Amino acid sequence: MGAVPPPLSAFVSELDRLIEGGQPDFLYRAAAAMKRLLLADGSWLPAAYRQPHPMHYQQYLLYRDPLSRFSIVSFVWGPGQRSPIHDHQVWGLVGTLEGAELTQAYMPPMYPTDLPKEQGPERRLNPGDVEVMSPALGDIHRVRNASDSEVAVSIHTYGADIGTVSRWLYPPDRPAASRKPFFSGYSNDAATPPFFGLV
Ligand code: FE
């Protein structure tokens with residue numbers, strides 16, 4: 001296991017401080033810290049955690065808080081790859097490191113018969129841009145690589161050990177009652193250990 005990248009360590013310390021402080025604008029402060037510490041210069045993220053998979057997007061756990069209050073994950077999108085429509089159940093920050101992503105928010109369903117309904121236009125996240133999500137602000141979205149030829153890499157931070165959180169997939173063109181429970185897990189293998197216990 002290599003040394004923890006200093007920008008990641010600094011971001012973990014800042015998140016810890018912000019969570020302990022319990023400020024009401026915690027999420028926006030965390031987003032600003034993410035932009036400043038992790039996204040301004042993405043060279044801290046080793047190549048192994050930027051490797052796309054030919055068939056589906058990758059989610060490499062970088063760091064998990066010892067109390068599981070938050071987790072930090074690198075997402076790697078191969079050309080044209082996209083997520084299903086899904087929720088998170090906890091707060092989240094999505095920040096683009098390299099390439100660009102398109103995110104589409106969806107309305108929370110009010111009735112079991114409701115079909116997934118887009119909420120506003122698809123938004124483009126360029127390097128340095130951060131999107132804030134929470135169950136209160138809006139928690140259902142779909143993300144895709146903006147490019148059909150380049151890889152996109154983003155850093156996601158969530159208010160839990162997100163790979164273990166029970167959440168929902170929303171099949172397109174199906175009513176909300178057809179949503180499916182899922183756990184995302186992580187893509188890490190022997191070459192991509194999380195930076196546990198080192199910060
Ligand atoms: Fe998401």
# chains A, B, ... in the order shown; residues from 1 in each chain; ligands from 1

call {"tool": "residues_around", "arguments": {"residues": "segment 158-172 of chain A", "least_positions_apart": "5", "cutoff": "9 Å", "atoms": "only C-alpha atoms", "output": "PyMOL selection string"}}
result
chain A and resi 61+64-65+67-73+84-94+115-116+140+178-186

call {"tool": "residues_around", "arguments": {"residues": "Ala146 of chain A", "least_positions_apart": "4", "cutoff": "9 Å", "atoms": "only C-alpha atoms", "output": "PyMOL selection string"}}
result
chain A and resi 79-81+99-102+124-125+150+152

call {"tool": "closest_residue", "arguments": {"among": "A:Met55, A:Ala10, A:Ala190, A:Ile155", "to": "ligand 1", "atoms": "only C-alpha atoms and all ligand atoms"}}
result
A:Ile155

call {"tool": "closest_residue", "arguments": {"among": "A:Tyr28, A:Met107, A:Phe11, A:Asp139", "to": "Leu62 of chain A", "atoms": "only C-alpha atoms"}}
result
A:Phe11

call {"tool": "atom_distance", "arguments": {"atom1": "atom CA of Ala105 of chain A", "atom2": "atom CA of Asn188 of chain A"}}
result
27.5 Å

call {"tool": "closest_residue", "arguments": {"among": "A:Arg29, A:Arg174, A:Arg17, A:Arg82", "to": "ligand 1", "atoms": "only C-alpha atoms and all ligand atoms"}}
result
A:Arg82

call {"tool": "residues_around", "arguments": {"residues": "Thr103 of chain A", "least_positions_apart": "5", "cutoff": "8 Å", "atoms": "only C-alpha atoms", "output": "PyMOL selection string"}}
result
chain A and resi 122-125+141-144
